[in-house]
$ cat work.cif   # mmCIF, C-alpha atoms and all ligand atoms
data_query
loop_
_atom_site.group_PDB
_atom_site.id
_atom_site.type_symbol
_atom_site.label_atom_id
_atom_site.label_comp_id
_atom_site.auth_asym_id
_atom_site.auth_seq_id
_atom_site.Cartn_x
_atom_site.Cartn_y
_atom_site.Cartn_z
ATOM 1 C CA MET A 1 106.131 76.753 97.927
ATOM 2 C CA ILE A 2 104.252 77.353 94.706
ATOM 3 C CA PHE A 3 104.963 75.272 91.613
ATOM 4 C CA TYR A 4 104.058 76.795 88.274
ATOM 5 C CA PHE A 5 104.032 75.781 84.654
ATOM 6 C CA THR A 6 104.121 78.525 82.049
ATOM 7 C CA ALA A 7 104.757 79.129 78.371
ATOM 8 C CA THR A 8 103.943 82.784 77.862
ATOM 9 C CA GLY A 9 104.326 84.048 81.411
ATOM 10 C CA ASN A 10 100.725 84.409 82.668
ATOM 11 C CA SER A 11 100.997 81.608 85.218
ATOM 12 C CA GLN A 12 104.556 82.650 86.124
ATOM 13 C CA TYR A 13 103.297 86.177 86.794
ATOM 14 C CA ALA A 14 100.511 84.888 89.038
ATOM 15 C CA ALA A 15 102.829 82.491 90.874
ATOM 16 C CA GLU A 16 105.517 85.111 91.478
ATOM 17 C CA LYS A 17 102.997 87.677 92.761
ATOM 18 C CA ILE A 18 101.461 85.095 95.104
ATOM 19 C CA ALA A 19 104.903 83.945 96.280
ATOM 20 C CA GLU A 20 105.869 87.528 97.036
ATOM 21 C CA ALA A 21 102.690 88.010 99.101
ATOM 22 C CA THR A 22 102.952 84.722 101.007
ATOM 23 C CA GLY A 23 106.740 84.743 101.464
ATOM 24 C CA ASP A 24 107.002 81.541 99.455
ATOM 25 C CA ARG A 25 109.350 80.259 96.778
ATOM 26 C CA ALA A 26 108.019 79.980 93.191
ATOM 27 C CA VAL A 27 109.406 76.924 91.378
ATOM 28 C CA SER A 28 109.209 76.547 87.593
ATOM 29 C CA ILE A 29 107.950 73.114 86.524
ATOM 30 C CA GLY A 30 109.448 73.687 83.065
ATOM 31 C CA ALA A 31 112.881 74.324 84.557
ATOM 32 C CA ALA A 32 112.467 71.318 86.879
ATOM 33 C CA LEU A 33 111.643 69.066 83.908
ATOM 34 C CA ARG A 34 114.653 70.339 82.003
ATOM 35 C CA SER A 35 117.066 69.899 84.902
ATOM 36 C CA GLY A 36 115.501 66.730 86.370
ATOM 37 C CA SER A 37 114.847 68.383 89.764
ATOM 38 C CA TYR A 38 112.007 66.530 91.473
ATOM 39 C CA GLU A 39 112.800 66.579 95.209
ATOM 40 C CA TYR A 40 111.338 69.411 97.276
ATOM 41 C CA ASP A 41 110.979 69.915 101.023
ATOM 42 C CA ILE A 42 108.090 72.107 102.196
ATOM 43 C CA THR A 43 108.670 71.698 105.939
ATOM 44 C CA GLY A 44 107.624 74.893 107.693
ATOM 45 C CA ASP A 45 105.827 76.341 104.652
ATOM 46 C CA GLY A 46 102.341 77.742 105.270
ATOM 47 C CA TYR A 47 101.104 77.087 101.743
ATOM 48 C CA LEU A 48 101.490 74.618 98.889
ATOM 49 C CA GLY A 49 100.343 76.028 95.551
ATOM 50 C CA PHE A 50 100.161 74.992 91.920
ATOM 51 C CA ALA A 51 99.692 77.501 89.095
ATOM 52 C CA ALA A 52 99.169 76.381 85.509
ATOM 53 C CA PRO A 53 97.418 77.338 82.312
ATOM 54 C CA THR A 54 94.176 75.656 81.280
ATOM 55 C CA PHE A 55 94.845 73.345 78.339
ATOM 56 C CA ALA A 56 91.695 72.045 76.668
ATOM 57 C CA GLY A 57 89.836 72.307 79.960
ATOM 58 C CA THR A 58 92.373 70.431 82.042
ATOM 59 C CA LEU A 59 96.004 70.451 83.253
ATOM 60 C CA PRO A 60 98.926 70.509 80.782
ATOM 61 C CA GLY A 61 100.513 67.119 80.080
ATOM 62 C CA ALA A 62 103.833 68.524 81.307
ATOM 63 C CA VAL A 63 102.319 68.966 84.773
ATOM 64 C CA GLY A 64 101.409 65.271 84.691
ATOM 65 C CA LEU A 65 104.999 64.305 83.894
ATOM 66 C CA PHE A 66 106.169 66.461 86.795
ATOM 67 C CA PHE A 67 103.669 64.932 89.239
ATOM 68 C CA ASP A 68 104.750 61.432 88.193
ATOM 69 C CA LYS A 69 108.285 62.199 89.381
ATOM 70 C CA LEU A 70 107.680 64.679 92.207
ATOM 71 C CA LYS A 71 109.037 63.672 95.626
ATOM 72 C CA LEU A 72 107.607 66.053 98.204
ATOM 73 C CA THR A 73 108.645 65.923 101.853
ATOM 74 C CA GLY A 74 107.430 67.967 104.813
ATOM 75 C CA TYR A 75 103.726 68.045 103.911
ATOM 76 C CA GLY A 76 101.496 68.625 106.937
ATOM 77 C CA GLY A 77 98.864 71.274 107.490
ATOM 78 C CA GLN A 78 99.727 73.579 104.576
ATOM 79 C CA PHE A 79 96.912 75.416 102.827
ATOM 80 C CA VAL A 80 96.891 73.671 99.417
ATOM 81 C CA TYR A 81 95.553 75.524 96.388
ATOM 82 C CA GLY A 82 95.581 75.769 92.611
ATOM 83 C CA VAL A 83 95.488 78.860 90.411
ATOM 84 C CA PHE A 84 94.481 78.272 86.797
ATOM 85 C CA THR A 85 95.129 80.947 84.217
ATOM 86 C CA CYS A 86 92.926 80.726 81.149
ATOM 87 C CA GLY A 87 91.802 82.711 78.149
ATOM 88 C CA ALA A 88 88.088 82.286 78.846
ATOM 89 C CA SER A 89 87.335 79.912 81.720
ATOM 90 C CA ASP A 90 88.884 77.058 83.625
ATOM 91 C CA GLY A 91 87.544 73.535 83.198
ATOM 92 C CA PHE A 92 88.313 70.317 85.007
ATOM 93 C CA GLU A 93 91.641 71.410 86.500
ATOM 94 C CA SER A 94 90.214 71.713 89.993
ATOM 95 C CA ALA A 95 88.893 68.149 89.802
ATOM 96 C CA ALA A 96 92.143 66.942 88.221
ATOM 97 C CA LEU A 97 94.330 68.540 90.881
ATOM 98 C CA TYR A 98 92.020 67.311 93.660
ATOM 99 C CA THR A 99 92.404 63.739 92.324
ATOM 100 C CA VAL A 100 96.168 63.926 91.800
ATOM 101 C CA LEU A 101 96.733 65.282 95.297
ATOM 102 C CA LYS A 102 94.310 62.833 96.933
ATOM 103 C CA ASP A 103 96.251 59.939 95.364
ATOM 104 C CA ARG A 104 99.332 61.284 97.138
ATOM 105 C CA GLY A 105 97.622 61.771 100.503
ATOM 106 C CA ILE A 106 97.644 65.541 100.140
ATOM 107 C CA GLY A 107 94.560 67.632 100.965
ATOM 108 C CA PHE A 108 93.108 70.307 98.721
ATOM 109 C CA ASP A 109 91.666 73.637 99.792
ATOM 110 C CA GLY A 110 90.427 74.635 96.366
ATOM 111 C CA SER A 111 91.333 76.516 93.235
ATOM 112 C CA TYR A 112 90.920 79.978 91.765
ATOM 113 C CA GLU A 113 90.288 80.883 88.123
ATOM 114 C CA LEU A 114 92.300 83.754 86.639
ATOM 115 C CA VAL A 115 91.278 84.932 83.169
ATOM 116 C CA MET A 116 94.272 86.325 81.261
ATOM 117 C CA PRO A 117 95.135 86.850 77.592
ATOM 118 C CA ASP A 118 94.522 83.707 75.524
ATOM 119 C CA ASN A 119 97.777 82.465 73.973
ATOM 120 C CA PHE A 120 96.207 79.715 71.818
ATOM 121 C CA ILE A 121 96.585 81.643 68.563
ATOM 122 C CA VAL A 122 96.049 78.522 66.505
ATOM 123 C CA TRP A 123 92.333 79.359 66.923
ATOM 124 C CA SER A 124 92.304 82.957 68.117
ATOM 125 C CA ASP A 125 94.094 86.291 67.798
ATOM 126 C CA ILE A 126 95.949 88.366 70.353
ATOM 127 C CA PRO A 127 93.841 91.502 70.939
ATOM 128 C CA PRO A 128 95.202 94.982 70.171
ATOM 129 C CA LYS A 129 97.392 96.744 72.750
ATOM 130 C CA GLU A 130 94.659 98.776 74.516
ATOM 131 C CA ARG A 131 92.400 95.736 74.960
ATOM 132 C CA LEU A 132 95.362 93.694 76.116
ATOM 133 C CA GLY A 133 96.202 96.379 78.707
ATOM 134 C CA ALA A 134 92.604 96.381 79.977
ATOM 135 C CA MET A 135 92.610 92.572 80.215
ATOM 136 C CA LEU A 136 95.862 92.588 82.201
ATOM 137 C CA ALA A 137 94.525 95.300 84.533
ATOM 138 C CA ARG A 138 91.362 93.218 85.122
ATOM 139 C CA ALA A 139 93.522 90.160 85.773
ATOM 140 C CA ASP A 140 95.561 92.146 88.303
ATOM 141 C CA ARG A 141 92.408 93.040 90.236
ATOM 142 C CA ARG A 142 91.315 89.393 90.239
ATOM 143 C CA LEU A 143 94.810 88.313 91.304
ATOM 144 C CA ASP A 144 94.616 90.682 94.285
ATOM 145 C CA GLU A 145 91.372 88.949 95.322
ATOM 146 C CA ILE A 146 93.003 85.536 94.901
ATOM 147 C CA ILE A 147 96.009 86.569 96.982
ATOM 148 C CA ALA A 148 93.703 87.850 99.736
ATOM 149 C CA ALA A 149 91.804 84.531 99.700
ATOM 150 C CA ILE A 150 95.024 82.482 99.874
ATOM 151 C CA LYS A 151 96.525 84.604 102.665
ATOM 152 C CA SER A 152 93.344 84.342 104.727
ATOM 153 C CA LYS A 153 93.122 80.613 103.836
ATOM 154 C CA THR A 154 89.631 81.054 102.403
ATOM 155 C CA PRO A 155 88.789 77.870 100.460
ATOM 156 C CA GLY A 156 88.520 78.137 96.682
ATOM 157 C CA LYS A 157 86.564 75.968 94.253
ATOM 158 C CA ILE A 158 86.687 72.306 95.221
ATOM 159 C CA ASP A 159 85.517 70.127 92.367
ATOM 160 C CA ALA A 160 85.437 66.532 93.590
ATOM 161 C CA ARG A 161 83.788 65.103 90.465
ATOM 162 C CA ALA A 162 85.717 62.470 88.550
ATOM 163 C CA PRO A 163 87.682 64.631 86.099
ATOM 164 C CA ARG A 164 87.034 64.180 82.380
ATOM 165 C CA GLN A 165 90.795 63.778 81.990
ATOM 166 C CA LEU A 166 93.662 64.543 84.339
ATOM 167 C CA TYR A 167 96.022 66.016 81.781
ATOM 168 C CA MET A 168 95.968 67.103 78.182
ATOM 169 C CA PRO A 169 97.734 64.292 76.279
ATOM 170 C CA LEU A 170 101.238 64.924 74.985
ATOM 171 C CA THR A 171 101.413 65.022 71.200
ATOM 172 C CA VAL A 172 104.073 64.656 68.560
ATOM 173 C CA ALA A 173 104.965 68.209 67.600
ATOM 174 C CA GLY A 174 104.054 67.610 63.965
ATOM 175 C CA ALA A 175 102.629 70.972 62.939
ATOM 176 C CA LEU A 176 105.301 73.114 64.589
ATOM 177 C CA HIS A 177 108.127 74.308 62.357
ATOM 178 C CA ALA A 178 110.392 77.304 61.711
ATOM 179 C CA ASP A 179 109.857 79.377 58.580
ATOM 180 C CA GLY A 180 112.418 81.332 56.551
ATOM 181 C CA LYS A 181 112.638 84.114 59.175
ATOM 182 C CA CYS A 182 114.564 81.820 61.564
ATOM 183 C CA THR A 183 117.905 83.396 62.532
ATOM 184 C CA VAL A 184 119.228 80.154 64.065
ATOM 185 C CA CYS A 185 119.520 81.794 67.497
ATOM 186 C CA GLY A 186 118.740 78.571 69.392
ATOM 187 C CA LEU A 187 116.322 80.110 71.916
ATOM 188 C CA CYS A 188 113.396 77.806 71.127
ATOM 189 C CA ALA A 189 115.529 74.695 71.716
ATOM 190 C CA ALA A 190 116.900 76.197 74.928
ATOM 191 C CA ILE A 191 113.528 76.972 76.510
ATOM 192 C CA CYS A 192 111.296 74.070 75.450
ATOM 193 C CA PRO A 193 110.200 72.539 78.783
ATOM 194 C CA MET A 194 109.981 69.105 77.175
ATOM 195 C CA GLY A 195 113.407 69.319 75.554
ATOM 196 C CA CYS A 196 111.794 68.227 72.303
ATOM 197 C CA ILE A 197 113.442 70.743 69.987
ATOM 198 C CA GLY A 198 116.793 69.618 68.620
ATOM 199 C CA ARG A 199 118.961 71.352 66.007
ATOM 200 C CA ASP A 200 120.075 70.163 62.593
ATOM 201 C CA ASP A 201 123.612 70.452 61.230
ATOM 202 C CA GLY A 202 122.979 74.069 60.298
ATOM 203 C CA GLY A 203 121.637 74.891 63.776
ATOM 204 C CA ARG A 204 118.010 75.145 62.628
ATOM 205 C CA PRO A 205 115.435 73.828 65.069
ATOM 206 C CA VAL A 206 113.955 70.396 64.538
ATOM 207 C CA TRP A 207 110.825 69.385 66.471
ATOM 208 C CA ASP A 208 111.090 65.817 67.612
ATOM 209 C CA GLY A 209 109.423 63.971 70.469
ATOM 210 C CA SER A 210 106.579 64.553 72.892
ATOM 211 C CA CYS A 211 105.307 68.099 72.938
ATOM 212 C CA THR A 212 102.974 69.540 75.590
ATOM 213 C CA MET A 213 101.667 72.117 73.051
ATOM 214 C CA CYS A 214 102.467 74.970 75.407
ATOM 215 C CA LEU A 215 103.428 77.257 72.472
ATOM 216 C CA ALA A 216 106.433 78.751 74.333
ATOM 217 C CA CYS A 217 108.609 78.195 71.249
ATOM 218 C CA LEU A 218 106.033 79.865 69.014
ATOM 219 C CA HIS A 219 105.395 82.952 71.135
ATOM 220 C CA ARG A 220 108.940 83.517 72.375
ATOM 221 C CA CYS A 221 110.827 83.231 69.084
ATOM 222 C CA PRO A 222 112.364 86.707 68.608
ATOM 223 C CA ALA A 223 111.855 86.476 64.829
ATOM 224 C CA ALA A 224 108.248 85.176 65.020
ATOM 225 C CA ALA A 225 109.514 82.347 62.822
ATOM 226 C CA VAL A 226 107.842 79.440 64.640
ATOM 227 C CA GLN A 227 104.526 78.474 63.063
ATOM 228 C CA HIS A 228 101.807 75.936 63.783
ATOM 229 C CA GLY A 229 100.946 74.677 60.325
ATOM 230 C CA ARG A 230 99.476 77.586 58.395
ATOM 231 C CA ASP A 231 97.300 78.782 61.303
ATOM 232 C CA THR A 232 99.655 81.298 62.872
ATOM 233 C CA GLN A 233 101.312 83.112 59.972
ATOM 234 C CA ASN A 234 101.107 86.901 60.323
ATOM 235 C CA LYS A 235 99.423 86.654 63.738
ATOM 236 C CA ALA A 236 100.694 88.685 66.694
ATOM 237 C CA ARG A 237 102.626 86.819 69.379
ATOM 238 C CA TYR A 238 102.135 87.244 73.118
ATOM 239 C CA VAL A 239 104.368 87.184 76.180
ATOM 240 C CA ASN A 240 103.114 88.572 79.490
ATOM 241 C CA PRO A 241 104.844 91.971 79.632
ATOM 242 C CA ASN A 242 105.353 91.823 83.407
ATOM 243 C CA VAL A 243 107.609 88.771 83.654
ATOM 244 C CA LYS A 244 111.208 88.045 82.849
ATOM 245 C CA LEU A 245 112.060 84.728 81.243
ATOM 246 C CA ALA A 246 113.389 82.743 84.197
ATOM 247 C CA ALA A 247 117.164 82.461 83.961
ATOM 248 C CA SER A 248 116.799 78.760 84.689
ATOM 249 C CA LEU A 249 114.866 78.355 81.431
ATOM 250 C CA ILE A 250 117.699 79.770 79.364
ATOM 251 C CA ALA A 251 119.778 76.660 79.822
ATOM 252 C CA ALA A 252 122.479 75.579 77.426
ATOM 253 C CA SER A 253 120.965 74.367 74.175
ATOM 254 C CA PRO A 254 120.741 70.598 73.814
HETATM 255 C C1 LIG A 301 97.165 74.015 74.115
HETATM 256 C C2 LIG A 301 96.388 75.130 74.750
HETATM 257 C C3 LIG A 301 95.082 74.907 75.148
HETATM 258 C C4 LIG A 301 94.339 75.924 75.763
HETATM 259 N N1 LIG A 301 93.071 75.638 76.167
HETATM 260 C C5 LIG A 301 92.343 76.595 76.797
HETATM 261 C C6 LIG A 301 91.027 76.300 77.265
HETATM 262 O O1 LIG A 301 90.518 75.173 77.135
HETATM 263 N N2 LIG A 301 90.329 77.298 77.875
HETATM 264 C C7 LIG A 301 90.844 78.554 78.057
HETATM 265 O O2 LIG A 301 90.150 79.406 78.618
HETATM 266 N N3 LIG A 301 92.119 78.858 77.652
HETATM 267 C C8 LIG A 301 92.881 77.902 77.027
HETATM 268 N N4 LIG A 301 94.167 78.197 76.606
HETATM 269 C C9 LIG A 301 94.743 79.531 76.910
HETATM 270 C C10 LIG A 301 95.705 79.504 78.107
HETATM 271 O O3 LIG A 301 95.192 78.697 79.148
HETATM 272 C C11 LIG A 301 95.986 80.906 78.658
HETATM 273 O O4 LIG A 301 96.373 81.804 77.681
HETATM 274 C C12 LIG A 301 97.046 80.836 79.781
HETATM 275 O O5 LIG A 301 96.941 81.978 80.597
HETATM 276 C C13 LIG A 301 98.468 80.718 79.276
HETATM 277 O O6 LIG A 301 99.310 80.615 80.396
HETATM 278 P P1 LIG A 301 100.888 80.845 80.359
HETATM 279 O O7 LIG A 301 101.106 82.281 79.846
HETATM 280 O O8 LIG A 301 101.314 80.710 81.773
HETATM 281 O O9 LIG A 301 101.493 79.859 79.452
HETATM 282 C C14 LIG A 301 94.926 77.204 75.982
HETATM 283 C C15 LIG A 301 96.258 77.421 75.583
HETATM 284 C C16 LIG A 301 96.988 76.404 74.980
HETATM 285 C C17 LIG A 301 98.418 76.676 74.570
HETATM 286 S S1 LIG A 302 113.860 80.933 68.434
HETATM 287 FE FE1 LIG A 302 113.143 81.417 66.343
HETATM 288 S S2 LIG A 302 114.914 82.367 65.338
HETATM 289 FE FE2 LIG A 302 115.683 81.297 67.145
HETATM 290 S S3 LIG A 302 116.261 79.235 66.394
HETATM 291 FE FE3 LIG A 302 114.134 79.080 67.148
HETATM 292 S S4 LIG A 302 112.898 79.444 65.321
HETATM 293 FE FE4 LIG A 302 114.944 80.173 64.817
HETATM 294 S S1 LIG A 303 107.968 72.173 71.201
HETATM 295 FE FE1 LIG A 303 107.163 74.234 71.640
HETATM 296 S S2 LIG A 303 105.006 73.844 72.097
HETATM 297 FE FE2 LIG A 303 106.018 71.868 72.261
HETATM 298 S S3 LIG A 303 106.567 71.648 74.432
HETATM 299 FE FE3 LIG A 303 108.322 72.577 73.369
HETATM 300 S S4 LIG A 303 108.089 74.789 73.631
HETATM 301 FE FE4 LIG A 303 106.094 73.818 74.092
#
$ encode --input "work.cif" --output "structure tokens"
Amino acid sequence: MIFYFTATGNSQYAAEKIAEATGDRAVSIGAALRSGSYEYDITGDGYLGFAAPTFAGTLPGAVGLFFDKLKLTGYGGQFVYGVFTCGASDGFESAALYTVLKDRGIGFDGSYELVMPDNFIVWSDIPPKERLGAMLARADRRLDEIIAAIKSKTPGKIDARAPRQLYMPLTVAGALHADGKCTVCGLCAAICPMGCIGRDDGGRPVWDGSCTMCLACLHRCPAAAVQHGRDTQNKARYVNPNVKLAASLIAASP
């Protein structure tokens, strides 16, 4: 089994490709959080994987919430790995995952860094199409190497230092809002893994509650109406072109 957290599809893409190669099931942590599904049996599986984006050099807060509730049965002898997708480089995720798993009596065979397009457009810009294509092609070549390492059970990076922090803290989604382009379609509320987007009487989204800052709402809004303060106006959005939004994420709007 491979668990993945994703906002813009990079980690989903990696997890689904790995699952296909290892004959495993890819499970969306976002969908699990939304549906309250925390019990998984991995008896007979050869591998136990975790794929997630790098958030400020560590694991997303949403992954922490999931680990707090996860009830895993059937662990014994699986090759256990992490794959961290990032815009530039991974950070303390290997150490964080090592620690989280150790606390649960689960071994760790290491992690692999996968550089993919950077979705944190609060600070950066999505590159033009040709550069994006080249980045995705490079990521595909790296992913092939990662898959070969996992299948041959070749250990990845094992960082046993005390991690700087296990998870990026959850924040109140203060800067996120919808501008005048919002068509009131409801998609952002339906896909937020934290369920922290409600709707006002007119159906417009209202951000309320703990946000993991994944930026799924911002990148996936069909009208590009979701903004982070004034930092993202007129900037291109990004969704990995090779993944479909998991049906389980398009749940009924809250
Ligand atoms: C809140 C936030 C923090 C991020 N921090 C980092 C970082 O510290 N280093 C980095 O290389 N990329 C960082 N990124 C970029 C993502 O890790 C990268 O684009 C990732 O592949 C997105 O995965 P996803 O498409 O599965 O959501 C950050 C993105 C977000 C939204
Ligand atoms: S996804 Fe965009 S258009 Fe749809 S409700 Fe949310 S902000 Fe409005
Ligand atoms: S409000 Fe947006 S950024 Fe925050 S957790 Fe939900 S989808 Fe992610």
$ residues_around --input "work.cif" --residues "Glu113 (chain A)" --least-positions-apart "3" --cutoff "7 Å" --atoms "all atoms listed in the file" --output "list of chain:residue names"
A:Val83, A:Phe84, A:Thr85, A:Asp90
$ write_last_selection --input "work.cif" --atoms "C-alpha atoms" --output "PDB file, in the coordinates of the input"
ATOM      1  CA  VAL A  83      95.488  78.860  90.411  1.00  0.00           C
ATOM      2  CA  PHE A  84      94.481  78.272  86.797  1.00  0.00           C
ATOM      3  CA  THR A  85      95.129  80.947  84.217  1.00  0.00           C
ATOM      4  CA  ASP A  90      88.884  77.058  83.625  1.00  0.00           C
TER       5      ASP A  90
END
$ closest_residue --input "work.cif" --among "A:Asp208, A:Cys221, A:Ala88, A:Val80" --to "Ile158 (chain A)" --atoms "only C-alpha atoms"
A:Val80
$ closest_atom_pairs --input "work.cif" --of "chain A" --to "ligand LIG 302 (chain A)" --cutoff "10 Å" --atoms "all atoms listed in the file" --output "tab-separated table"
residue	atom	partner	partner_atom	distance
A:Leu176	CA	A:LIG302	S4	9.9
A:His177	CA	A:LIG302	S4	7.6
A:Ala178	CA	A:LIG302	S4	4.9
A:Asp179	CA	A:LIG302	S4	7.4
A:Gly180	CA	A:LIG302	FE4	8.7
A:Lys181	CA	A:LIG302	S2	6.8
A:Cys182	CA	A:LIG302	FE4	3.7
A:Thr183	CA	A:LIG302	S2	4.2
A:Val184	CA	A:LIG302	S3	3.9
A:Cys185	CA	A:LIG302	FE2	3.9
A:Gly186	CA	A:LIG302	S3	3.9
A:Leu187	CA	A:LIG302	S1	4.3
A:Cys188	CA	A:LIG302	S1	4.2
A:Ala189	CA	A:LIG302	FE3	6.5
A:Ala190	CA	A:LIG302	S1	8.6
A:Ile191	CA	A:LIG302	S1	9.0
A:Ile197	CA	A:LIG302	FE3	8.8
A:Gly198	CA	A:LIG302	S3	9.9
A:Arg199	CA	A:LIG302	S3	8.3
A:Gly203	CA	A:LIG302	S3	7.4
A:Arg204	CA	A:LIG302	S3	5.8
A:Pro205	CA	A:LIG302	S3	5.6
A:Val206	CA	A:LIG302	FE3	9.1
A:Ala216	CA	A:LIG302	S1	9.7
A:Cys217	CA	A:LIG302	S1	6.6
A:Leu218	CA	A:LIG302	FE1	7.8
A:His219	CA	A:LIG302	S1	9.1
A:Arg220	CA	A:LIG302	S1	6.8
A:Cys221	CA	A:LIG302	S1	3.9
A:Pro222	CA	A:LIG302	FE1	5.8
A:Ala223	CA	A:LIG302	S2	5.1
A:Ala224	CA	A:LIG302	FE1	6.3
A:Ala225	CA	A:LIG302	S4	5.1
A:Val226	CA	A:LIG302	S4	5.1
A:Gln227	CA	A:LIG302	S4	8.7
$ write_last_selection --input "work.cif" --atoms "C-alpha atoms" --output "PDB file, in the coordinates of the input"
ATOM      1  CA  LEU A 176     105.301  73.114  64.589  1.00  0.00           C
ATOM      2  CA  HIS A 177     108.127  74.308  62.357  1.00  0.00           C
ATOM      3  CA  ALA A 178     110.392  77.304  61.711  1.00  0.00           C
ATOM      4  CA  ASP A 179     109.857  79.377  58.580  1.00  0.00           C
ATOM      5  CA  GLY A 180     112.418  81.332  56.551  1.00  0.00           C
ATOM      6  CA  LYS A 181     112.638  84.114  59.175  1.00  0.00           C
ATOM      7  CA  CYS A 182     114.564  81.820  61.564  1.00  0.00           C
ATOM      8  CA  THR A 183     117.905  83.396  62.532  1.00  0.00           C
ATOM      9  CA  VAL A 184     119.228  80.154  64.065  1.00  0.00           C
ATOM     10  CA  CYS A 185     119.520  81.794  67.497  1.00  0.00           C
ATOM     11  CA  GLY A 186     118.740  78.571  69.392  1.00  0.00           C
ATOM     12  CA  LEU A 187     116.322  80.110  71.916  1.00  0.00           C
ATOM     13  CA  CYS A 188     113.396  77.806  71.127  1.00  0.00           C
ATOM     14  CA  ALA A 189     115.529  74.695  71.716  1.00  0.00           C
ATOM     15  CA  ALA A 190     116.900  76.197  74.928  1.00  0.00           C
ATOM     16  CA  ILE A 191     113.528  76.972  76.510  1.00  0.00           C
ATOM     17  CA  ILE A 197     113.442  70.743  69.987  1.00  0.00           C
ATOM     18  CA  GLY A 198     116.793  69.618  68.620  1.00  0.00           C
ATOM     19  CA  ARG A 199     118.961  71.352  66.007  1.00  0.00           C
ATOM     20  CA  GLY A 203     121.637  74.891  63.776  1.00  0.00           C
ATOM     21  CA  ARG A 204     118.010  75.145  62.628  1.00  0.00           C
ATOM     22  CA  PRO A 205     115.435  73.828  65.069  1.00  0.00           C
ATOM     23  CA  VAL A 206     113.955  70.396  64.538  1.00  0.00           C
ATOM     24  CA  ALA A 216     106.433  78.751  74.333  1.00  0.00           C
ATOM     25  CA  CYS A 217     108.609  78.195  71.249  1.00  0.00           C
ATOM     26  CA  LEU A 218     106.033  79.865  69.014  1.00  0.00           C
ATOM     27  CA  HIS A 219     105.395  82.952  71.135  1.00  0.00           C
ATOM     28  CA  ARG A 220     108.940  83.517  72.375  1.00  0.00           C
ATOM     29  CA  CYS A 221     110.827  83.231  69.084  1.00  0.00           C
ATOM     30  CA  PRO A 222     112.364  86.707  68.608  1.00  0.00           C
ATOM     31  CA  ALA A 223     111.855  86.476  64.829  1.00  0.00           C
ATOM     32  CA  ALA A 224     108.248  85.176  65.020  1.00  0.00           C
ATOM     33  CA  ALA A 225     109.514  82.347  62.822  1.00  0.00           C
ATOM     34  CA  VAL A 226     107.842  79.440  64.640  1.00  0.00           C
ATOM     35  CA  GLN A 227     104.526  78.474  63.063  1.00  0.00           C
TER      36      GLN A 227
END
$ closest_residue --input "work.cif" --among "A:Gly61, A:Gly44, A:Gly76, A:Gly229" --to "Thr171 (chain A)" --atoms "all atoms listed in the file"
A:Gly61
$ atom_distance --input "work.cif" --atom1 "CA of Phe55 (chain A)" --atom2 "CA of Phe92 (chain A)"
9.8 Å
$ closest_residue --input "work.cif" --among "A:Leu48, A:Met168, A:Val243, A:Ala7" --to "ligand LIG 303 (chain A)" --atoms "all atoms listed in the file"
A:Ala7
$ resolve_selection --input "work.cif" --expression "the PyMOL selection byres (((chain A and resi 119) around 12) and not hetatm)" --output "number ranges by chain"
A: 6-11, 53-55, 85-88, 115-118, 120-127, 132, 213-220, 232, 235-240
$ write_last_selection --input "work.cif" --atoms "C-alpha atoms" --output "mmCIF file, keeping the file's coordinate frame"
data_model
loop_
_atom_site.group_PDB
_atom_site.id
_atom_site.type_symbol
_atom_site.label_atom_id
_atom_site.label_comp_id
_atom_site.auth_asym_id
_atom_site.auth_seq_id
_atom_site.Cartn_x
_atom_site.Cartn_y
_atom_site.Cartn_z
ATOM 1 C CA THR A 6 104.121 78.525 82.049
ATOM 2 C CA ALA A 7 104.757 79.129 78.371
ATOM 3 C CA THR A 8 103.943 82.784 77.862
ATOM 4 C CA GLY A 9 104.326 84.048 81.411
ATOM 5 C CA ASN A 10 100.725 84.409 82.668
ATOM 6 C CA SER A 11 100.997 81.608 85.218
ATOM 7 C CA PRO A 53 97.418 77.338 82.312
ATOM 8 C CA THR A 54 94.176 75.656 81.280
ATOM 9 C CA PHE A 55 94.845 73.345 78.339
ATOM 10 C CA THR A 85 95.129 80.947 84.217
ATOM 11 C CA CYS A 86 92.926 80.726 81.149
ATOM 12 C CA GLY A 87 91.802 82.711 78.149
ATOM 13 C CA ALA A 88 88.088 82.286 78.846
ATOM 14 C CA VAL A 115 91.278 84.932 83.169
ATOM 15 C CA MET A 116 94.272 86.325 81.261
ATOM 16 C CA PRO A 117 95.135 86.850 77.592
ATOM 17 C CA ASP A 118 94.522 83.707 75.524
ATOM 18 C CA PHE A 120 96.207 79.715 71.818
ATOM 19 C CA ILE A 121 96.585 81.643 68.563
ATOM 20 C CA VAL A 122 96.049 78.522 66.505
ATOM 21 C CA TRP A 123 92.333 79.359 66.923
ATOM 22 C CA SER A 124 92.304 82.957 68.117
ATOM 23 C CA ASP A 125 94.094 86.291 67.798
ATOM 24 C CA ILE A 126 95.949 88.366 70.353
ATOM 25 C CA PRO A 127 93.841 91.502 70.939
ATOM 26 C CA LEU A 132 95.362 93.694 76.116
ATOM 27 C CA MET A 213 101.667 72.117 73.051
ATOM 28 C CA CYS A 214 102.467 74.970 75.407
ATOM 29 C CA LEU A 215 103.428 77.257 72.472
ATOM 30 C CA ALA A 216 106.433 78.751 74.333
ATOM 31 C CA CYS A 217 108.609 78.195 71.249
ATOM 32 C CA LEU A 218 106.033 79.865 69.014
ATOM 33 C CA HIS A 219 105.395 82.952 71.135
ATOM 34 C CA ARG A 220 108.940 83.517 72.375
ATOM 35 C CA THR A 232 99.655 81.298 62.872
ATOM 36 C CA LYS A 235 99.423 86.654 63.738
ATOM 37 C CA ALA A 236 100.694 88.685 66.694
ATOM 38 C CA ARG A 237 102.626 86.819 69.379
ATOM 39 C CA TYR A 238 102.135 87.244 73.118
ATOM 40 C CA VAL A 239 104.368 87.184 76.180
ATOM 41 C CA ASN A 240 103.114 88.572 79.490
#
